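Remarks on the structure that follows.
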Amino acid sequence: MIDDSKPIFLQIAELIENDIISGVLGEEAQVPSTNEFAAFYRINPATAAKGINRLVEDGLLYKKRGIGMFVTHDAPRRLREQRREKFQQQYITPLTAEAAKLGISLEELVTMIKTGSDS
Amino acid sequence: MSRTTAIAVRELSKTYKDVRALDNVTLDLEPDRIYGLLGRNGAGKTTLMSILTGQNYADQGTAEIFGHAPFEHDPTLSRICFIRESQKYPDDFKVHQAFKSAALFFENWNEELAQELVEAFELPTKRRIKKLSRGQLSAVGVIIGMASRADITFFDEPYLGLDAVARQIFYDRLVEDFAECPRTIVLSSHLIDEVANLLEHVIVIDKGRIVIDSDAEQLRGTAVTVTGDAAKVQEFIGSAPVIHRDALGALSSVTIRAKLDESQREQAKLMGLDLSPVSLQQLVVRSALSSVTEQGIDERTEARK
């Protein structure tokens, strides 16, 4: 789950964001504590804290003093919007480039997508 | 928030016969962090730790623990726990007696934690130490190291005798206890990838010199391995500093010191090149293999910014 490609705290932040987007963590849901993340992913607690604080700074999580960290009510919507903006660059561009490399026409590509989403 | 630096080392040097075991080492270790002290066997890790724990003294330079030179300074020494592989205990001591002595010496000793760890490592506490297996002996060391809850704890590869399962138990418990009771921990290891994620700060020694002194997170992602057609690889990497090269026929695999952004990654993909992350272990090993000079200095300059 955690790899060497980039700072761990960023990966932790992304894991939480993914859970928010997928609905595993709903609005106002409580997020595991820093120490729980550290123990689960076997990482330094300061690193886990850094990842969580980043999301607090971005307004996606907030702290209830004495209780813990919670998902803000507009976090799911905001994250989905962010991902939609990146969708083109992250998925569409490489898709069309690879298709072009393999000589797959636009019509074929559309058919493939339709078939893919039916199954 | 201002706090005393836990360990301050300035221009420390130590020579054995004609070998510079430590060569002008300067370091600052802040309290309540887990530090990794990494390097090859014979790089100087143990020499540094033995000076910091007052068991040896330098030829030049200074080392201070919480503002005092540790050598023969009891108030400082009682705040330090040094666990090393060749730990010596009185010949006839039984395991629980070793723990009792440790409890007397370390004022922060946590008996509950010690008991939990004894169970986790399945240690026979009534057995004599000289009858323990290598793994059990290592377990005694790491248990003392953790249960001491000393303000500064040095672990000098004491887990070499532990098997992979036991090592994982150690790492997991260490992170847990550190979260509950923050203190300064220095882990020296050559099993870098195993401990990499536990470290907040990484110090690498090579031939007595510091070659990396950096926040662990800042190090991650600062190197990448580019693989593909040799000419294309060369075109892509341009003048980026190279830490390692591998070649197989027309294929080339080059590890460079560079942080790539999205567009650069895109470009690599379009060129048919493969990008793979570099683990901390690879980074350390490959940095030590390449020349120590400017790269080492650059790394430290970056870290100080």
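Following the order of the structure tokens, first chain is A, next is B, and so on, with residues numbered from 1 inside each chain and ligands from 1 in the order they appear.
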Chain B contacts on chain A, only C-alpha atoms, 6 Å, as a ChimeraX atom specification: /A:4-7,43-44
DSSP-assigned alpha helix (DSSP H) among stretch 6-90 of chain A, expressed as a PyMOL selection string: chain A and resi 8-22+34-41+45-57+75-87
What would the file look like if the residues just selected were written as a short mmCIF file (atom, residue, chain, number, x, y, z; two decimals), in the first residue's frame with N, CA and C atoms?
```cif
data_model
loop_
_atom_site.label_atom_id
_atom_site.label_comp_id
_atom_site.auth_asym_id
_atom_site.auth_seq_id
_atom_site.Cartn_x
_atom_site.Cartn_y
_atom_site.Cartn_z
N ILE A 8 5.69 9.55 2.15
CA ILE A 8 4.64 8.74 2.75
C ILE A 8 3.45 9.60 3.17
N PHE A 9 3.73 10.80 3.68
CA PHE A 9 2.61 11.61 4.18
C PHE A 9 1.65 11.96 3.05
N LEU A 10 2.18 12.10 1.85
CA LEU A 10 1.31 12.36 0.69
C LEU A 10 0.47 11.13 0.39
N GLN A 11 1.08 9.96 0.53
CA GLN A 11 0.36 8.72 0.25
C GLN A 11 -0.75 8.51 1.27
N ILE A 12 -0.48 8.86 2.51
CA ILE A 12 -1.50 8.74 3.56
C ILE A 12 -2.66 9.68 3.23
N ALA A 13 -2.32 10.91 2.86
CA ALA A 13 -3.36 11.88 2.52
C ALA A 13 -4.21 11.35 1.37
N GLU A 14 -3.54 10.76 0.36
CA GLU A 14 -4.27 10.24 -0.80
C GLU A 14 -5.16 9.07 -0.43
N LEU A 15 -4.67 8.20 0.46
CA LEU A 15 -5.48 7.06 0.90
C LEU A 15 -6.76 7.54 1.57
N ILE A 16 -6.63 8.56 2.40
CA ILE A 16 -7.81 9.10 3.08
C ILE A 16 -8.74 9.75 2.06
N GLU A 17 -8.16 10.52 1.13
CA GLU A 17 -8.97 11.16 0.08
C GLU A 17 -9.74 10.11 -0.72
N ASN A 18 -9.07 9.02 -1.06
CA ASN A 18 -9.73 7.95 -1.81
C ASN A 18 -10.92 7.38 -1.04
N ASP A 19 -10.73 7.20 0.25
CA ASP A 19 -11.82 6.69 1.08
C ASP A 19 -12.98 7.67 1.15
N ILE A 20 -12.65 8.96 1.15
CA ILE A 20 -13.71 9.97 1.18
C ILE A 20 -14.49 9.94 -0.13
N ILE A 21 -13.76 9.86 -1.24
CA ILE A 21 -14.41 9.86 -2.56
C ILE A 21 -15.27 8.61 -2.74
N SER A 22 -14.75 7.48 -2.31
CA SER A 22 -15.50 6.23 -2.53
C SER A 22 -16.64 6.06 -1.54
N THR A 34 -3.90 9.46 14.41
CA THR A 34 -2.53 9.43 13.92
C THR A 34 -1.84 8.13 14.34
N ASN A 35 -1.97 7.79 15.61
CA ASN A 35 -1.30 6.59 16.11
C ASN A 35 -1.86 5.32 15.48
N GLU A 36 -3.15 5.33 15.19
CA GLU A 36 -3.76 4.15 14.55
C GLU A 36 -3.23 3.99 13.13
N PHE A 37 -3.09 5.10 12.42
CA PHE A 37 -2.51 5.05 11.07
C PHE A 37 -1.09 4.54 11.13
N ALA A 38 -0.33 5.09 12.10
CA ALA A 38 1.07 4.71 12.21
C ALA A 38 1.21 3.22 12.46
N ALA A 39 0.38 2.70 13.36
CA ALA A 39 0.45 1.27 13.68
C ALA A 39 0.02 0.43 12.48
N PHE A 40 -1.06 0.86 11.81
CA PHE A 40 -1.61 0.07 10.71
C PHE A 40 -0.66 -0.01 9.53
N TYR A 41 -0.13 1.17 9.14
CA TYR A 41 0.75 1.18 7.97
C TYR A 41 2.22 1.00 8.33
N PRO A 45 4.78 7.91 13.47
CA PRO A 45 3.59 8.70 13.81
C PRO A 45 3.66 10.14 13.30
N ALA A 46 4.86 10.71 13.29
CA ALA A 46 5.00 12.10 12.82
C ALA A 46 4.62 12.19 11.34
N THR A 47 4.94 11.13 10.60
CA THR A 47 4.60 11.09 9.17
C THR A 47 3.09 11.01 8.99
N ALA A 48 2.45 10.14 9.78
CA ALA A 48 0.99 10.01 9.71
C ALA A 48 0.35 11.36 10.03
N ALA A 49 0.87 12.01 11.06
CA ALA A 49 0.33 13.32 11.48
C ALA A 49 0.45 14.34 10.37
N LYS A 50 1.58 14.29 9.65
CA LYS A 50 1.80 15.24 8.57
C LYS A 50 0.76 15.07 7.47
N GLY A 51 0.46 13.80 7.17
CA GLY A 51 -0.54 13.52 6.14
C GLY A 51 -1.91 14.02 6.54
N ILE A 52 -2.27 13.78 7.78
CA ILE A 52 -3.58 14.21 8.27
C ILE A 52 -3.66 15.73 8.34
N ASN A 53 -2.60 16.35 8.80
CA ASN A 53 -2.60 17.81 8.91
C ASN A 53 -2.75 18.49 7.55
N ARG A 54 -2.20 17.86 6.54
CA ARG A 54 -2.33 18.39 5.20
C ARG A 54 -3.81 18.49 4.81
N LEU A 55 -4.55 17.45 5.15
CA LEU A 55 -5.97 17.43 4.82
C LEU A 55 -6.75 18.44 5.67
N VAL A 56 -6.25 18.65 6.89
CA VAL A 56 -6.88 19.66 7.74
C VAL A 56 -6.66 21.03 7.13
N GLU A 57 -5.42 21.27 6.68
CA GLU A 57 -5.10 22.55 6.03
C GLU A 57 -5.92 22.77 4.76
N ALA A 75 -16.32 17.82 1.96
CA ALA A 75 -15.11 17.15 1.46
C ALA A 75 -15.40 16.23 0.27
N PRO A 76 -16.41 15.37 0.35
CA PRO A 76 -16.66 14.46 -0.78
C PRO A 76 -16.88 15.21 -2.09
N ARG A 77 -17.71 16.25 -2.02
CA ARG A 77 -18.02 17.00 -3.24
C ARG A 77 -16.76 17.66 -3.80
N ARG A 78 -16.00 18.32 -2.93
CA ARG A 78 -14.80 19.03 -3.37
C ARG A 78 -13.77 18.09 -3.98
N LEU A 79 -13.60 16.93 -3.36
CA LEU A 79 -12.60 15.98 -3.87
C LEU A 79 -13.01 15.42 -5.22
N ARG A 80 -14.30 15.17 -5.37
CA ARG A 80 -14.78 14.64 -6.64
C ARG A 80 -14.53 15.66 -7.75
N GLU A 81 -14.75 16.91 -7.44
CA GLU A 81 -14.51 17.96 -8.44
C GLU A 81 -13.05 18.01 -8.82
N GLN A 82 -12.19 17.93 -7.82
CA GLN A 82 -10.74 17.94 -8.07
C GLN A 82 -10.34 16.79 -8.99
N ARG A 83 -10.87 15.61 -8.72
CA ARG A 83 -10.50 14.42 -9.48
C ARG A 83 -11.03 14.52 -10.91
N ARG A 84 -12.21 15.12 -11.08
CA ARG A 84 -12.78 15.28 -12.41
C ARG A 84 -11.88 16.14 -13.26
N GLU A 85 -11.33 17.19 -12.65
CA GLU A 85 -10.42 18.05 -13.41
C GLU A 85 -9.19 17.30 -13.85
N LYS A 86 -8.70 16.39 -12.98
CA LYS A 86 -7.48 15.66 -13.32
C LYS A 86 -7.75 14.48 -14.24
N PHE A 87 -9.01 14.07 -14.33
CA PHE A 87 -9.38 12.88 -15.08
C PHE A 87 -8.85 12.92 -16.51
#
```
For atom CA of B:Ala114 and atom CA of B:Ala102, the interatomic separation in Å (one decimal): 10.6 Å
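Between atom CA of B:Ser13 and atom CA of B:Lys88 there is a distance of 27.1 Å.
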DSSP strand (DSSP E) residues within stretch 49-225 of chain B, as a VMD selection string: chain B and resid 60 to 65 80 to 84 152 to 156 184 to 189 201 to 206 209 to 215 223 to 225
Polymer residues at most 12 Å from B:Gly36, only C-alpha atoms, same-chain spacing of 2 or more positions, as a PyMOL selection string: (chain A and resi 44) or (chain B and resi 29+33-34+38-39+45+153-157+184-205+212-216+280-281+284)
Could you please take those selected residues and save C-alpha atoms as a PDB file, in the first residue's frame?
```
ATOM      1  CA  ASN A  44       6.416   6.897  11.932  1.00  0.00           C
TER       2      ASN A  44
ATOM      3  CA  LEU B  29      19.691  15.503  16.561  1.00  0.00           C
ATOM      4  CA  ARG B  33      12.313  11.706  16.861  1.00  0.00           C
ATOM      5  CA  ILE B  34      13.248   8.367  15.401  1.00  0.00           C
ATOM      6  CA  LEU B  38      22.654   3.968   8.255  1.00  0.00           C
ATOM      7  CA  GLY B  39      25.746   2.789   6.524  1.00  0.00           C
ATOM      8  CA  LYS B  45      28.145   3.921  13.051  1.00  0.00           C
ATOM      9  CA  THR B 153      17.882   5.083  23.173  1.00  0.00           C
ATOM     10  CA  PHE B 154      20.452   3.792  20.720  1.00  0.00           C
ATOM     11  CA  PHE B 155      19.813   0.475  19.017  1.00  0.00           C
ATOM     12  CA  ASP B 156      23.013  -0.692  17.347  1.00  0.00           C
ATOM     13  CA  GLU B 157      21.732  -3.474  15.126  1.00  0.00           C
ATOM     14  CA  THR B 184      14.763  10.190  21.014  1.00  0.00           C
ATOM     15  CA  ILE B 185      15.526   6.902  19.311  1.00  0.00           C
ATOM     16  CA  VAL B 186      18.508   6.187  17.104  1.00  0.00           C
ATOM     17  CA  LEU B 187      18.264   3.002  15.057  1.00  0.00           C
ATOM     18  CA  SER B 188      21.330   1.822  13.268  1.00  0.00           C
ATOM     19  CA  SER B 189      20.813  -0.806  10.645  1.00  0.00           C
ATOM     20  CA  HIS B 190      21.970  -2.091   7.344  1.00  0.00           C
ATOM     21  CA  LEU B 191      18.506  -3.628   6.804  1.00  0.00           C
ATOM     22  CA  ILE B 192      17.409  -0.262   5.546  1.00  0.00           C
ATOM     23  CA  ASP B 193      14.184  -1.103   3.747  1.00  0.00           C
ATOM     24  CA  GLU B 194      12.842  -2.807   6.831  1.00  0.00           C
ATOM     25  CA  VAL B 195      13.163   0.275   8.995  1.00  0.00           C
ATOM     26  CA  ALA B 196      12.766   2.949   6.312  1.00  0.00           C
ATOM     27  CA  ASN B 197       9.126   3.767   7.054  1.00  0.00           C
ATOM     28  CA  LEU B 198       9.767   4.140  10.775  1.00  0.00           C
ATOM     29  CA  LEU B 199      12.383   6.811  10.375  1.00  0.00           C
ATOM     30  CA  GLU B 200      11.686  10.502  10.596  1.00  0.00           C
ATOM     31  CA  HIS B 201      15.238  11.509   9.769  1.00  0.00           C
ATOM     32  CA  VAL B 202      17.988   9.696   7.929  1.00  0.00           C
ATOM     33  CA  ILE B 203      21.711   9.963   8.536  1.00  0.00           C
ATOM     34  CA  VAL B 204      24.059   7.987   6.337  1.00  0.00           C
ATOM     35  CA  ILE B 205      27.720   7.476   7.153  1.00  0.00           C
ATOM     36  CA  ILE B 212      23.215  12.065   3.889  1.00  0.00           C
ATOM     37  CA  ASP B 213      21.584  14.042   6.697  1.00  0.00           C
ATOM     38  CA  SER B 214      17.997  14.568   5.700  1.00  0.00           C
ATOM     39  CA  ASP B 215      14.367  14.412   6.668  1.00  0.00           C
ATOM     40  CA  ALA B 216      13.157  10.999   5.488  1.00  0.00           C
ATOM     41  CA  LEU B 280      15.712   4.223   0.586  1.00  0.00           C
ATOM     42  CA  GLN B 281      17.979   1.194   0.618  1.00  0.00           C
ATOM     43  CA  VAL B 284      21.740   4.730   0.334  1.00  0.00           C
TER      44      VAL B 284
END
```
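With distances restricted to only C-alpha atoms, B:Val226 is the closest residue to B:Leu260 from B:Ile51, B:Ile210, B:Ala231, B:Val226.
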